[in-house]
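Undergrad: Have a look at this one before I ask anything.
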Amino acid sequence: MSDFVAVAHPAEVPDPGSMLVEVEERLVVLIHAAGHWYALDDVCTHDGGPLSEGPIDADAKTIACPRHGAKFDIRTGAALTMPATKPTVAHEVKVDGDQVLVRLKSGS
Ligand code: FES
């Protein structure tokens with residue numbers, strides 16, 4: 001199982017906002033929304049769009065792909081709207097003092 005990896009200082013990411021980080025050579029979008037933290041693969045499952053460049057809706061708990069607008073649930077990675085039909089991968093996040101840490105989903 002992967003370990004938690006420190007990726008950011010909490011103050012680096014506005015709320016709502018996101019930041020592209022690298023965890024064990026994998027690109028992950030770290031998301032801060034309504035006081036909570038989430039992490040998804042930075043890959044839209046429609047055609048590989050960079051989710052880290054898409055808008056976040058903190059109330060609806062979604063992030064939209066900047067390419068063709070597919071929305072994903074920031075909590076689970078579930079694809080909510082077309083043209084994406086498959087989920088992206090959601091990873092674990094925790095805040096410990098002045099660090100935000102991400103642990104890659106095992107087997108992902
Ligand atoms: S690449 Fe993301 S919606 Fe098409």
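Starting from 1 in every chain, residues are counted up; chains themselves are A, B, ... following the order of the structure tokens, and ligands are numbered from 1 as listed.
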Name each residue within 6 Å of ligand 1, counting only C-alpha atoms and all ligand atoms, as JSON, numbers by chain.
TA: {"A": [44, 46, 47, 48, 49, 65, 67, 68, 69, 70, 83, 84]}
Undergrad: Taking the DSSP assignment computed from this structure's backbone, write out as a PyMOL selection string all residues of chain A that belong to strand (DSSP E or B).
TA: chain A and resi 5-8+17-23+26-33+36-41+56-57+62-64+71-73+79+90-96+99-103
Undergrad: Of the candidates A:Asp15, A:Tyr38, A:Thr62, A:Gly54, which one gets nearest to Ala90 of chain A if we count only C-alpha atoms?
TA: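 Comparing A:Asp15, A:Tyr38, A:Thr62, A:Gly54 against Ala90 of chain A, the winner is A:Tyr38.
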Undergrad: When you look at Thr88 of chain A with a cut-off of 7 Å (counting only C-alpha atoms), what residues show up, excluding the ones that are within fewer than 6 positions of it in the same chain? I need them as a PyMOL selection string.
TA: chain A and resi 40-41+43-45+77-78
Undergrad: Let me make sure I understand: among A:Ala58, A:Val23, A:Ala34, A:Val95, which one has the smallest atom-to-atom distance to His9 of chain A if we use only C-alpha atoms?
TA: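 Ranked by minimum distance to His9 of chain A, first place goes to A:Val95.
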Undergrad: Find the residues near Val5 of chain A: any atom within 7 Å, counting only C-alpha atoms, skip ones fewer than 6 places away on the same chain, and give them as a compact mmCIF listing (two decimals) with N, CA and C atoms, in the first residue's frame.
TA:
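What landed in result15.txt:
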# COMPACT_ATOMS: atom_id res chain seq x y z
N VAL A 23 2.27 12.75 -7.36
CA VAL A 23 2.40 11.79 -6.27
C VAL A 23 2.95 10.50 -6.86
N LEU A 101 -1.65 15.99 2.59
CA LEU A 101 -1.01 14.73 2.16
C LEU A 101 -2.00 13.90 1.33
N VAL A 102 -1.47 13.23 0.33
CA VAL A 102 -2.29 12.37 -0.54
C VAL A 102 -1.71 10.96 -0.52
N ARG A 103 -2.62 10.00 -0.47
CA ARG A 103 -2.21 8.61 -0.63
C ARG A 103 -2.94 8.03 -1.84
Undergrad: Using only C-alpha atoms, which residue out of A:Ala8, A:Val13, A:Leu51, A:Val89 lies closest to Lys71 of chain A?
TA: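 Checking each candidate against Lys71 of chain A, we get A:Leu51 as the closest.
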Undergrad: Could you tell me how far atom CA of Lys105 of chain A lies from atom CA of His91 of chain A, in Å and to one decimal?
TA: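 Straight-line distance from atom CA of Lys105 of chain A to atom CA of His91 of chain A works out to 4.9 Å.
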Undergrad: With only C-alpha atoms as the atoms that count, which of A:Asp59, A:Met82, A:Lys94, A:Pro10 lies nearest to Ala39 of chain A?
TA: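 Smallest distance to Ala39 of chain A is found for A:Lys94.
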Undergrad: Which is closer to Ile31 of chain A than all the others in A:Ile63, A:Thr85, A:Ala6, A:Ser106, using only C-alpha atoms?
TA: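 That would be A:Ile63, the residue with the smallest distance to Ile31 of chain A.
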Undergrad: Would you pick out the contacts of Glu12 of chain A at 12 Å or less, using only C-alpha atoms, so that residues sharing its chain but fewer than 3 positions from it are not included, and give the list as a list in words?
TA: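 Surrounding residues, per the criterion: Val7, Ala8, His9, Asp15, Pro16, Gly17, Ser18, Met19, Leu20, Val21, Leu30, Ile31, His32, Asp98, Gln99 and Val100 of chain A.
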